[in-house]
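Peer 1: Structure in structure tokens, see below.
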Amino acid sequence: MTRSQQITYRFFAQTVVLFVLYVALALLGAVKFLVPADPLVGSLPYQQVNALGNIVLGLAALNGLLGGGLYLAVDNASDKRLANEPLLGYTAQAWSVYLSVAVLAGLFGFTEGRNGLELPGVLDIIGVVLVALIGVNVLLGRTVRPIQQVWLVGLAAHILAVMIGLAPASDYLYDRALRVLALGVEQHVAYLLMALALGFWLMHRFSDITPAWSDTGVYVTGGLAAVAGILLTLAGLYPLGVPDWVLSLGSVSLFVVPIIYFIIAAHSYKGLSSRNATRTLAGSWFGLGVLLLLLGPGFLGALGTLPGVAQWMVGTQLTSLQTVWMALIPLSFALGVINQGTIELRGNNRRVTGLIPFWLVSFGFIGGGLALAAAGVVQVYLERILSMGYLDVQTLLVPLYVLWTIGLLLGALGAGIYALTFWLRRPGGTINS
């Protein structure tokens, strides 16, 4: 492997480790929520476990997108090297240190207490500088194809989202608005654009689509995804009080947003329906990401664009589930790139990770997620409409939380098997099948 490929593979490994760590933390948090007095989990408060889980999930999604983007750039180079390997090497080393420090900050409670923006500002600044340097490495490539251009636009949107989150707020309401904008731009625009770039590259590998169709498709779907992302971001501001013209977008968004994501899914179906002889499961992980796209922003997100519904949903498990699914979409695409990239680095057409971890993760997060969605619906009805007390409602929701916990257990088992097979079948590993 070239030095650039080795660095990219390090990003792959980091993504897998962060994914396993997130699922373990999510499972720990679910058990802590159900059994607060459990001595096995009593050492860390539920709020701290939850904050650390949010940090790790965000880092896993971002790291996977960065690693995937680097692999696309390396693959596009004729000599499989980026233009400035020393700069890439130093940046990658600094990024690895940053990931460790960020996780430790969450572990020891050095957070800002802002849901979704838990990391201290100084770490956000360091992170965005390193992300920008990774983008520079890609820009220095000899040829930047349309897929890479969309990825770079998503990277720029991520930087913008971080800067919005760092903006000083004069009062609590303004701080809430900035947080909604920062998270909306990051989750609905930046991450999705970068994920689409990875997805269209993957379709080159596991299907028979032509490069011309892919280049056109990534532009079309990327532009539509940005429009849908902006509408979903604005919908997050409804409960905070916005002008009437913004509220009027709700009735339009309810139809426009699902249509856009169905168009993206239709483009994806073309690739999924014309598979080639590639034996990797990259297409399966890609399909999981598309399904989550339809369920998350395509359905739950669209419902939240109606002003009245948005005010009912905020603060319930429906918003929590949407946040998780939004992060799992780019992570699924990234896991597909990891499957495909590892096979290519090994130089054979054999599976890296099997169907067992895929189905465990899929059933765990979709099946368990549906249970969490049901809990959110019950919350809306009992708390918002019938005005029942929060604690009384939580008691009634225990069976649904148990199902969500079982889903997390399945997801944790699948992530563990994925990590094990990834390690055993690494380039130069001991297993060749």
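Here, A, B, ... name the chains of the structure tokens in the order displayed, residue numbers run from 1 inside each chain, and ligands are numbered from 1 in the same displayed order.
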Could you give me, as a PyMOL selection string, the residues within 12 Å of range 85-88 of chain A, counting only C-alpha atoms and dropping anything in the same chain fewer than 6 positions from it?
Peer 2: chain A and resi 2-8+11+67+70+74+94-95+130-141
Peer 1: Could I get the residues of range 52-136 of chain A with an atom no further than 12 Å from an atom of range 191-206 of chain A, each paired with its nearest atom pair and that distance in Å to one decimal, using only C-alpha atoms, sorted by chain and residue number, as JSON lines?
Peer 2:
```
{"residue": "A:Gly58", "atom": "CA", "partner": "A:Tyr191", "partner_atom": "CA", "distance": 10.1}
{"residue": "A:Leu59", "atom": "CA", "partner": "A:Tyr191", "partner_atom": "CA", "distance": 11.6}
{"residue": "A:Ala60", "atom": "CA", "partner": "A:Tyr191", "partner_atom": "CA", "distance": 11.7}
{"residue": "A:Ala61", "atom": "CA", "partner": "A:Tyr191", "partner_atom": "CA", "distance": 8.0}
{"residue": "A:Leu62", "atom": "CA", "partner": "A:Tyr191", "partner_atom": "CA", "distance": 7.5}
{"residue": "A:Asn63", "atom": "CA", "partner": "A:Tyr191", "partner_atom": "CA", "distance": 10.9}
{"residue": "A:Gly64", "atom": "CA", "partner": "A:Ala195", "partner_atom": "CA", "distance": 9.4}
{"residue": "A:Leu65", "atom": "CA", "partner": "A:Met194", "partner_atom": "CA", "distance": 6.4}
{"residue": "A:Leu66", "atom": "CA", "partner": "A:Met194", "partner_atom": "CA", "distance": 8.6}
{"residue": "A:Gly67", "atom": "CA", "partner": "A:Leu198", "partner_atom": "CA", "distance": 10.1}
{"residue": "A:Gly68", "atom": "CA", "partner": "A:Leu198", "partner_atom": "CA", "distance": 6.5}
{"residue": "A:Gly69", "atom": "CA", "partner": "A:Leu198", "partner_atom": "CA", "distance": 7.0}
{"residue": "A:Leu70", "atom": "CA", "partner": "A:Leu198", "partner_atom": "CA", "distance": 10.3}
{"residue": "A:Tyr71", "atom": "CA", "partner": "A:Leu198", "partner_atom": "CA", "distance": 9.5}
{"residue": "A:Leu72", "atom": "CA", "partner": "A:Trp201", "partner_atom": "CA", "distance": 7.6}
{"residue": "A:Ala73", "atom": "CA", "partner": "A:Trp201", "partner_atom": "CA", "distance": 10.8}
{"residue": "A:Asp75", "atom": "CA", "partner": "A:Trp201", "partner_atom": "CA", "distance": 10.3}
{"residue": "A:Asn76", "atom": "CA", "partner": "A:Trp201", "partner_atom": "CA", "distance": 10.6}
{"residue": "A:Gly135", "atom": "CA", "partner": "A:Met194", "partner_atom": "CA", "distance": 11.8}
```
Peer 1: Rank A:Leu183, A:Ile417, A:Val324, A:Val393 by their smallest atom-to-atom distance to Ala26 in chain A, using only C-alpha atoms, and report the top residue only.
Peer 2: A:Val324
Peer 1: Could you tell me, as a PyMOL selection string, which residues of range 60-210 of chain A DSSP assigns to helix (DSSP H, G or I) when given the backbone?
Peer 2: chain A and resi 60-76+85-107+121-139+146-166+172-206
Peer 1: Pick out the residues sitting within 7 Å of range 348-356 of chain A, and hand them over as a list in words; count only C-alpha atoms, and ignore anything fewer than 5 positions along from it in its own chain.
Peer 2: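 The neighbour list is Thr278, Arg279, Thr280, Leu281, Asn339, Ile343, Gly414, Tyr418, Thr421, Phe422, Arg425 and Ser433 of chain A.
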Peer 1: Looking at only C-alpha atoms, which of A:Gln14, A:Leu424, A:Ala266, A:Arg384 is the one that sits closest to Ala92 in chain A?
Peer 2: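 Distance minimum relative to Ala92 in chain A lands on A:Gln14.
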Peer 1: Between A:Ala156, A:Leu300, A:Met388, A:Val20, which residue has the minimum interatomic distance to Ala415 in chain A, considering only C-alpha atoms?
Peer 2: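 For Ala415 in chain A, the nearest of the given residues is A:Val20.
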Peer 1: Taking only C-alpha atoms into account, which of A:Ala161, A:Leu119, A:Ile147, A:Leu249 comes nearest Thr216 in chain A?
Peer 2: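 Looking at the shortest contact to Thr216 in chain A, the residue is A:Ile147.
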Peer 1: Residues at most 10 Å from Gln47 in chain A, counting only C-alpha atoms, excluding those fewer than 5 positions away in the same chain, as a list of chain:residue names?
Peer 2: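 After dropping sequence-adjacent residues, the list is A:Gly29, A:Lys32, A:Phe33, A:Leu52, A:Gly53, A:Gly109, A:Gly113.
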Peer 1: Return the single residue from A:Leu370, A:Ala419, A:Leu57, A:Val220 that is closest to Ile338 in chain A, with distances computed using only C-alpha atoms.
Peer 2: A:Ala419
Peer 1: Nearest to Phe365 in chain A among A:Thr111, A:Ser387, A:Thr405, A:Ser170, with distances taken over only C-alpha atoms: which residue is it?
Peer 2: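 The answer is A:Thr405, which sits nearest to Phe365 in chain A.
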Peer 1: What separation in Å, quoted to one decimal, exists between CA of Trp325 in chain A and CA of Gly369 in chain A?
Peer 2: 8.4 Å
Peer 1: CA of Tyr22 in chain A to CA of Ala375 in chain A: how many Å, to one decimal?
Peer 2: 21.8 Å
